[in-house]
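Raw start.csv, CSV, C-alpha atoms:
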```csv
chain,number,residue,atom,x,y,z
I,1340,THR,CA,0.0,0.0,0.0
I,1341,ASP,CA,1.0,3.7,-0.2
I,1342,ASN,CA,1.2,6.3,2.5
I,1343,LEU,CA,-2.6,6.5,2.8
I,1344,GLY,CA,-3.2,2.7,2.8
I,1345,ARG,CA,-4.4,2.6,-0.8
I,1346,ASP,CA,-3.5,-0.5,-2.9
I,1347,LEU,CA,-0.5,0.4,-5.0
I,1348,PHE,CA,-1.0,-2.2,-7.8
I,1349,SER,CA,-4.5,-0.9,-8.5
I,1350,ARG,CA,-3.3,2.7,-8.6
I,1351,ILE,CA,-0.5,1.8,-11.1
I,1352,VAL,CA,-2.9,-0.1,-13.3
I,1353,TYR,CA,-5.3,2.8,-13.3
I,1354,GLY,CA,-2.5,5.3,-13.8
I,1355,SER,CA,-1.4,3.4,-16.9
I,1356,ARG,CA,-4.6,4.4,-18.6
I,1357,VAL,CA,-4.0,8.1,-17.9
I,1358,SER,CA,-0.3,8.0,-19.0
I,1359,LEU,CA,-1.0,6.1,-22.2
I,1360,LEU,CA,-3.9,8.4,-23.1
I,1361,VAL,CA,-1.8,11.4,-22.7
I,1362,GLY,CA,1.0,9.8,-24.7
I,1363,PHE,CA,-1.1,8.7,-27.6
I,1364,PHE,CA,-3.3,11.8,-27.9
I,1365,SER,CA,-0.5,14.2,-27.6
I,1366,VAL,CA,1.3,12.4,-30.4
I,1367,ILE,CA,-1.9,12.7,-32.5
I,1368,VAL,CA,-2.0,16.4,-31.9
I,1369,ALA,CA,1.7,16.8,-32.7
I,1370,GLY,CA,1.5,14.6,-35.8
I,1371,CYS,CA,-1.5,16.5,-37.3
I,1372,ILE,CA,0.2,19.8,-36.9
I,1373,GLY,CA,3.7,18.6,-38.0
I,1374,CYS,CA,2.4,16.7,-41.0
I,1375,PHE,CA,0.3,19.5,-42.3
I,1376,LEU,CA,3.1,22.1,-42.0
I,1377,GLY,CA,5.7,19.7,-43.4
I,1378,LEU,CA,3.6,18.9,-46.4
I,1379,LEU,CA,2.9,22.5,-47.0
I,1380,ALA,CA,6.5,23.6,-46.6
I,1381,GLY,CA,7.9,20.8,-48.7
I,1382,TYR,CA,5.4,21.0,-51.6
I,1383,CYS,CA,5.0,24.8,-51.9
I,1384,GLY,CA,8.5,25.8,-51.1
I,1385,GLY,CA,9.4,29.5,-51.4
I,1386,TRP,CA,8.5,31.9,-48.6
I,1387,ILE,CA,6.1,29.4,-47.1
I,1388,ASP,CA,8.9,26.9,-46.6
I,1389,SER,CA,11.1,29.6,-45.1
I,1390,VAL,CA,8.5,30.8,-42.6
I,1391,VAL,CA,7.7,27.2,-41.5
I,1392,MET,CA,11.4,26.3,-41.1
I,1393,ARG,CA,12.3,29.5,-39.2
I,1394,PHE,CA,9.3,28.9,-36.9
I,1395,SER,CA,10.5,25.4,-36.3
I,1396,ASP,CA,14.1,26.6,-35.6
I,1397,ALA,CA,12.7,29.0,-33.0
I,1398,PHE,CA,10.9,26.0,-31.3
I,1399,LEU,CA,14.1,24.0,-31.4
I,1400,ALA,CA,16.0,26.8,-29.8
I,1401,ILE,CA,13.8,26.5,-26.6
I,1402,PRO,CA,14.2,23.3,-24.5
I,1403,ARG,CA,11.0,21.3,-24.7
I,1404,VAL,CA,10.8,20.7,-21.0
I,1405,LEU,CA,11.3,24.3,-20.2
I,1406,LEU,CA,8.7,25.4,-22.7
I,1407,SER,CA,6.2,22.9,-21.3
I,1408,LEU,CA,6.9,24.1,-17.7
I,1409,VAL,CA,6.3,27.7,-18.6
I,1410,VAL,CA,3.1,27.0,-20.5
I,1411,LEU,CA,1.7,24.7,-17.8
I,1412,SER,CA,2.5,27.1,-15.1
I,1413,VAL,CA,0.3,29.7,-16.9
I,1414,MET,CA,-2.6,27.5,-18.0
I,1415,ALA,CA,-4.9,25.5,-15.7
I,1416,PRO,CA,-3.3,22.1,-15.1
I,1417,GLY,CA,-5.2,19.0,-16.3
I,1418,MET,CA,-5.2,16.2,-18.8
I,1419,LEU,CA,-6.5,18.2,-21.8
I,1420,THR,CA,-4.0,20.9,-21.1
I,1421,LEU,CA,-1.2,18.5,-20.8
I,1422,ILE,CA,-2.1,16.8,-24.0
I,1423,PHE,CA,-2.3,20.1,-25.8
I,1424,VAL,CA,1.1,21.4,-24.4
I,1425,ILE,CA,3.0,18.1,-25.1
I,1426,GLY,CA,1.5,18.0,-28.6
I,1427,VAL,CA,2.2,21.6,-29.5
I,1428,THR,CA,5.8,21.4,-28.3
I,1429,ASN,CA,6.5,18.2,-30.3
I,1430,TRP,CA,5.4,19.0,-33.8
I,1431,VAL,CA,8.8,20.2,-35.1
I,1432,VAL,CA,10.2,16.7,-35.6
I,1433,TYR,CA,7.3,15.7,-37.8
I,1434,ALA,CA,7.4,18.9,-39.9
I,1435,ARG,CA,11.1,18.6,-40.6
I,1436,LEU,CA,11.0,14.9,-41.4
I,1437,ILE,CA,7.9,15.2,-43.7
I,1438,ARG,CA,9.3,18.3,-45.4
I,1439,GLY,CA,12.5,16.4,-46.3
I,1440,GLU,CA,10.6,13.5,-47.8
I,1441,VAL,CA,8.2,15.7,-49.7
I,1442,LEU,CA,11.1,17.6,-51.3
I,1443,VAL,CA,12.2,14.2,-52.8
I,1444,LEU,CA,8.8,12.8,-53.6
I,1445,LYS,CA,7.5,15.8,-55.5
I,1446,GLU,CA,10.2,15.4,-58.1
I,1447,LEU,CA,9.5,11.8,-58.9
I,1448,ASP,CA,7.8,10.7,-62.1
I,1449,TYR,CA,4.5,9.6,-60.7
I,1450,VAL,CA,3.9,13.0,-59.2
I,1451,LYS,CA,4.8,14.8,-62.4
I,1452,ALA,CA,2.5,12.5,-64.3
I,1453,ALA,CA,-0.4,13.3,-61.9
I,1454,ARG,CA,0.3,17.0,-62.4
I,1455,ILE,CA,0.3,16.6,-66.2
I,1456,MET,CA,-3.0,14.7,-66.0
I,1457,GLY,CA,-4.6,17.7,-64.3
I,1458,CYS,CA,-4.6,16.7,-60.7
I,1459,GLY,CA,-4.8,19.6,-58.3
I,1460,ASN,CA,-2.3,20.3,-55.6
I,1461,ARG,CA,-4.6,19.1,-52.8
I,1462,ARG,CA,-5.2,15.7,-54.6
I,1463,ILE,CA,-1.5,15.3,-55.3
I,1464,LEU,CA,-0.6,16.0,-51.6
I,1465,PHE,CA,-3.2,13.9,-49.9
I,1466,ARG,CA,-3.6,11.1,-52.5
I,1467,HIS,CA,-0.1,10.6,-53.9
I,1468,ILE,CA,2.4,12.0,-51.5
I,1469,LEU,CA,1.0,11.6,-48.0
I,1470,PRO,CA,0.5,7.8,-48.3
I,1471,ASN,CA,4.2,7.4,-49.2
I,1472,VAL,CA,5.4,9.3,-46.1
I,1473,PHE,CA,2.9,7.6,-43.8
I,1474,SER,CA,5.3,4.8,-42.8
I,1475,SER,CA,7.8,7.3,-41.5
I,1476,VAL,CA,5.1,9.1,-39.6
I,1477,ILE,CA,4.1,5.8,-37.9
I,1478,VAL,CA,7.7,5.1,-36.8
I,1479,ILE,CA,8.4,8.5,-35.4
I,1480,SER,CA,4.9,8.5,-33.7
I,1481,THR,CA,5.7,5.3,-31.9
I,1482,LEU,CA,9.0,6.7,-30.6
I,1483,SER,CA,7.3,10.0,-29.6
I,1484,VAL,CA,4.7,8.1,-27.5
I,1485,ALA,CA,7.6,7.0,-25.2
I,1486,GLN,CA,8.9,10.5,-24.9
I,1487,SER,CA,5.5,11.9,-24.2
I,1488,ILE,CA,4.9,9.4,-21.4
I,1489,ILE,CA,8.2,10.5,-19.8
I,1490,LEU,CA,7.3,14.1,-20.1
I,1491,GLU,CA,3.9,13.5,-18.7
I,1492,ALA,CA,5.4,11.7,-15.7
I,1493,SER,CA,7.9,14.6,-15.2
I,1494,MET,CA,5.2,17.3,-15.3
I,1495,SER,CA,2.9,15.3,-12.9
I,1496,PHE,CA,5.9,14.7,-10.6
I,1497,LEU,CA,6.4,18.5,-10.4
I,1498,GLY,CA,2.7,19.1,-9.8
I,1499,LEU,CA,2.0,20.8,-13.2
I,1500,GLY,CA,0.4,17.8,-14.9
I,1501,ILE,CA,-2.4,15.4,-13.9
I,1502,GLN,CA,-3.9,16.7,-10.7
I,1503,PRO,CA,-5.3,14.6,-7.8
I,1504,PRO,CA,-7.5,12.7,-7.3
I,1505,THR,CA,-6.8,11.5,-10.9
I,1506,VAL,CA,-4.0,8.9,-10.7
I,1507,SER,CA,-0.9,9.0,-12.9
I,1508,TRP,CA,2.5,7.4,-12.6
I,1509,GLY,CA,4.2,10.7,-12.1
I,1510,GLY,CA,1.8,11.6,-9.3
I,1511,ILE,CA,2.5,8.3,-7.5
I,1512,LEU,CA,6.2,9.0,-7.8
I,1513,ALA,CA,5.7,12.4,-6.3
I,1514,ASP,CA,3.8,10.9,-3.4
I,1515,GLY,CA,6.4,8.3,-2.7
I,1516,ARG,CA,9.6,10.4,-2.8
I,1517,ASN,CA,9.3,11.3,0.9
I,1518,TYR,CA,9.1,7.7,1.9
I,1519,LEU,CA,12.1,6.2,0.0
I,1520,ALA,CA,14.0,5.4,3.2
I,1521,SER,CA,11.2,3.5,4.9
I,1522,ASN,CA,8.6,2.5,2.2
I,1523,TRP,CA,10.7,2.2,-1.0
I,1524,TRP,CA,8.0,0.4,-3.0
I,1525,VAL,CA,5.7,3.5,-3.2
I,1526,ALA,CA,8.1,5.2,-5.6
I,1527,THR,CA,9.9,2.1,-7.0
I,1528,PHE,CA,7.0,0.3,-8.7
I,1529,PRO,CA,5.6,3.3,-10.7
I,1530,GLY,CA,9.2,4.0,-11.8
I,1531,VAL,CA,9.4,0.4,-13.0
I,1532,ALA,CA,6.1,0.7,-14.8
I,1533,ILE,CA,7.3,3.8,-16.6
I,1534,THR,CA,10.6,2.2,-17.6
I,1535,VAL,CA,9.0,-1.0,-18.9
I,1536,SER,CA,6.4,0.9,-20.9
I,1537,VAL,CA,9.0,3.3,-22.4
I,1538,VAL,CA,11.5,0.5,-23.3
I,1539,GLY,CA,8.7,-1.6,-24.8
I,1540,ILE,CA,7.4,1.2,-27.0
I,1541,MET,CA,11.0,2.0,-28.1
I,1542,PHE,CA,11.5,-1.6,-29.1
I,1543,LEU,CA,8.2,-1.5,-31.0
I,1544,GLY,CA,9.3,1.7,-32.8
I,1545,ASN,CA,12.7,0.1,-33.8
I,1546,TRP,CA,10.9,-3.0,-35.1
I,1547,LEU,CA,8.4,-0.9,-37.1
I,1548,ARG,CA,11.3,1.1,-38.6
I,1549,ASP,CA,13.0,-2.1,-39.7
I,1550,ILE,CA,9.8,-3.6,-41.1
I,1551,LEU,CA,8.7,-0.4,-42.9
I,1552,ASP,CA,12.1,0.6,-44.3
I,1553,PRO,CA,11.8,0.3,-48.1
I,1554,ARG,CA,15.5,-0.3,-48.4
I,1555,ASP,CA,15.1,-3.6,-46.6
I,1556,GLN,CA,12.2,-4.9,-48.8
```

Turn this file's structure into structure tokens for me.
Amino acid sequence: TDNLGRDLFSRIVYGSRVSLLVGFFSVIVAGCIGCFLGLLAGYCGGWIDSVVMRFSDAFLAIPRVLLSLVVLSVMAPGMLTLIFVIGVTNWVVYARLIRGEVLVLKELDYVKAARIMGCGNRRILFRHILPNVFSSVIVISTLSVAQSIILEASMSFLGLGIQPPTVSWGGILADGRNYLASNWWVATFPGVAITVSVVGIMFLGNWLRDILDPRDQ
């Protein structure tokens, strides 16, 4: 049990739902923003590409954890806020990856053929280019879930993430840090749960990268 006599295993199982929901939905938010901006910058080029890339450089110049701390300290803490903040601070990696692939794909023959046949830019982007970069999006999304779980646990540990009475792994860690000398299991087992989940998701991402890599086909 924890310091209040609550069953620790039940709290870890319940907290897994919260941590995984934040991880998955924040990746969806980041992926939608990053994919749209990456497609736009890579396909249109010119000043649009310059604006998107300079904007992404500005995001990269600010540490992600610091930016999340600042935003969460201003906004009302909660699950939706945490999903929004983690998603908005993680779109850059998607945008830069998709932009680089679009720059290559838009010069290929099948895209030029579609343009000659009268396909509009929207149809070319979402019908011919997006499906060919989707495998890369899946791989990087899987790896980003693990990073989002760690960031959620960090924010909850600092009191800026998931708020009691909602249970999260970071919140359980924060409750157990004062009892490490006498009741070590309160903080140890949620830490083990975070480690196992993150390592498992990283292995899944590496496996998907090997499976979906066209050079290995």

- In terms of the shortest atom-to-atom distance over only C-alpha atoms, which of I:Trp1524, I:Phe1542, I:Tyr1433, I:Tyr1449 is closest to Ser1475 (chain I)? I:Tyr1433

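Distances from I:Gly1530, I:Ile1367, I:Val1478, I:Ala1453 to Arg1466 (chain I) were compared using all atoms listed in the file, and the smallest one belongs to I:Ala1453.
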
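Closest to Leu1379 (chain I) among I:Leu1359, I:Ala1397, I:Leu1343, I:Ile1468 is I:Ile1468, based on all atoms listed in the file.
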
Determine, counting only C-alpha atoms, which protein, DNA and RNA residues have an atom within 9 Å of an atom of Thr1505 (chain I); residues of the same chain fewer than 5 positions away are not included. Present the result as a short mmCIF file (atom, residue, chain, number, x, y, z; two decimals) with C-alpha atoms, in the frame of the given file.
```cif
data_model
loop_
_atom_site.label_atom_id
_atom_site.label_comp_id
_atom_site.auth_asym_id
_atom_site.auth_seq_id
_atom_site.Cartn_x
_atom_site.Cartn_y
_atom_site.Cartn_z
CA GLY I 1354 -2.50 5.30 -13.80
CA VAL I 1357 -4.00 8.10 -17.90
CA GLY I 1510 1.80 11.60 -9.30
#
```

- Item | Selected residue, from I:Ile1488, I:Ile1477, I:Cys1383, I:Val1450, that lies nearest to Gly1544 (chain I) when counting all atoms listed in the file |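 Distance minimum relative to Gly1544 (chain I) lands on I:Ile1477.
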
- For each of I:Val1409, I:Val1432, I:Cys1371, I:Leu1442, take the minimum atom-to-atom distance to Asp1388 (chain I), counting only C-alpha atoms, then give the residue where this is smallest.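 Looking at the shortest contact to Asp1388 (chain I), the residue is I:Leu1442.
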
In the coordinate frame of the file, compute which residues have an atom within 9 Å of (7.2, 7.2, -22.8) when using only C-alpha atoms, and state them as a PDB file with C-alpha atoms, keeping the file's coordinate frame.
```pdb
ATOM      1  CA  SER I1358      -0.300   8.000 -19.000  1.00  0.00           C
ATOM      2  CA  LEU I1359      -1.000   6.100 -22.200  1.00  0.00           C
ATOM      3  CA  GLY I1362       1.000   9.800 -24.700  1.00  0.00           C
ATOM      4  CA  LEU I1482       9.000   6.700 -30.600  1.00  0.00           C
ATOM      5  CA  SER I1483       7.300  10.000 -29.600  1.00  0.00           C
ATOM      6  CA  VAL I1484       4.700   8.100 -27.500  1.00  0.00           C
ATOM      7  CA  ALA I1485       7.600   7.000 -25.200  1.00  0.00           C
ATOM      8  CA  GLN I1486       8.900  10.500 -24.900  1.00  0.00           C
ATOM      9  CA  SER I1487       5.500  11.900 -24.200  1.00  0.00           C
ATOM     10  CA  ILE I1488       4.900   9.400 -21.400  1.00  0.00           C
ATOM     11  CA  ILE I1489       8.200  10.500 -19.800  1.00  0.00           C
ATOM     12  CA  LEU I1490       7.300  14.100 -20.100  1.00  0.00           C
ATOM     13  CA  GLU I1491       3.900  13.500 -18.700  1.00  0.00           C
ATOM     14  CA  ALA I1492       5.400  11.700 -15.700  1.00  0.00           C
ATOM     15  CA  ILE I1533       7.300   3.800 -16.600  1.00  0.00           C
ATOM     16  CA  THR I1534      10.600   2.200 -17.600  1.00  0.00           C
ATOM     17  CA  SER I1536       6.400   0.900 -20.900  1.00  0.00           C
ATOM     18  CA  VAL I1537       9.000   3.300 -22.400  1.00  0.00           C
ATOM     19  CA  VAL I1538      11.500   0.500 -23.300  1.00  0.00           C
ATOM     20  CA  ILE I1540       7.400   1.200 -27.000  1.00  0.00           C
ATOM     21  CA  MET I1541      11.000   2.000 -28.100  1.00  0.00           C
TER      22      MET I1541
END
```

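In terms of minimum interatomic distance to Leu1547 (chain I), I:Ser1480 ranks closest within I:Ser1480, I:Phe1465, I:Val1391, I:Arg1356, counting only C-alpha atoms.
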
- Separation of CA of Val1424 (chain I) from CA of Leu1406 (chain I) in Å: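 So the two atoms, CA of Leu1406 (chain I) and CA of Val1424 (chain I), lie 8.8 Å apart.
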
- Message: Which residues are close to Ser1412 (chain I), i.e. within 8 Å by all atoms listed in the file, leaving aside same-chain residues fewer than 4 positions away? Reply as a list in words.
- Response: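 Contacts, in chain order: Leu1408, Pro1416 and Leu1499 of chain I.
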
- Neighbour residues at most 7 Å from (-0.4, 17.9, -31.3) (only C-alpha atoms) as a list of chain:residue names: I:Ser1365, I:Val1366, I:Ile1367, I:Val1368, I:Ala1369, I:Gly1370, I:Cys1371, I:Ile1372, I:Phe1423, I:Gly1426, I:Val1427, I:Asn1429, I:Trp1430

- Task: May I ask for the distance between CA of Thr1481 (chain I) and CA of Leu1543 (chain I), given in Å to one decimal place?
- Result: 7.3 Å

- Query: What does the distance from CA of Val1410 (chain I) to CA of Phe1364 (chain I) come to in Å, to one decimal?
  - Reply: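 Taking CA of Val1410 (chain I) and CA of Phe1364 (chain I), their separation equals 18.1 Å.
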
- Using all atoms listed in the file, which residues sit within 12 Å of Leu1411 (chain I) once same-chain residues fewer than 5 positions away are excluded, as a PyMOL selection string? chain I and resi 1404-1406+1416-1425+1428+1491+1494-1495+1497-1501

Keeping C-alpha atoms, export the residues of the selection given above as a PDB file, keeping the file's coordinate frame.
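Contents of again-v2.pdb, as written:
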```
ATOM      1  CA  VAL I1404      10.800  20.700 -21.000  1.00  0.00           C
ATOM      2  CA  LEU I1405      11.300  24.300 -20.200  1.00  0.00           C
ATOM      3  CA  LEU I1406       8.700  25.400 -22.700  1.00  0.00           C
ATOM      4  CA  PRO I1416      -3.300  22.100 -15.100  1.00  0.00           C
ATOM      5  CA  GLY I1417      -5.200  19.000 -16.300  1.00  0.00           C
ATOM      6  CA  MET I1418      -5.200  16.200 -18.800  1.00  0.00           C
ATOM      7  CA  LEU I1419      -6.500  18.200 -21.800  1.00  0.00           C
ATOM      8  CA  THR I1420      -4.000  20.900 -21.100  1.00  0.00           C
ATOM      9  CA  LEU I1421      -1.200  18.500 -20.800  1.00  0.00           C
ATOM     10  CA  ILE I1422      -2.100  16.800 -24.000  1.00  0.00           C
ATOM     11  CA  PHE I1423      -2.300  20.100 -25.800  1.00  0.00           C
ATOM     12  CA  VAL I1424       1.100  21.400 -24.400  1.00  0.00           C
ATOM     13  CA  ILE I1425       3.000  18.100 -25.100  1.00  0.00           C
ATOM     14  CA  THR I1428       5.800  21.400 -28.300  1.00  0.00           C
ATOM     15  CA  GLU I1491       3.900  13.500 -18.700  1.00  0.00           C
ATOM     16  CA  MET I1494       5.200  17.300 -15.300  1.00  0.00           C
ATOM     17  CA  SER I1495       2.900  15.300 -12.900  1.00  0.00           C
ATOM     18  CA  LEU I1497       6.400  18.500 -10.400  1.00  0.00           C
ATOM     19  CA  GLY I1498       2.700  19.100  -9.800  1.00  0.00           C
ATOM     20  CA  LEU I1499       2.000  20.800 -13.200  1.00  0.00           C
ATOM     21  CA  GLY I1500       0.400  17.800 -14.900  1.00  0.00           C
ATOM     22  CA  ILE I1501      -2.400  15.400 -13.900  1.00  0.00           C
TER      23      ILE I1501
END
```

- Using all atoms listed in the file, determine which residues lie at most 8 Å from Met1392 (chain I), disregarding the query and same-chain residues fewer than 4 positions distant; provide the list as a ChimeraX atom specification. /I:1380,1388,1396,1435
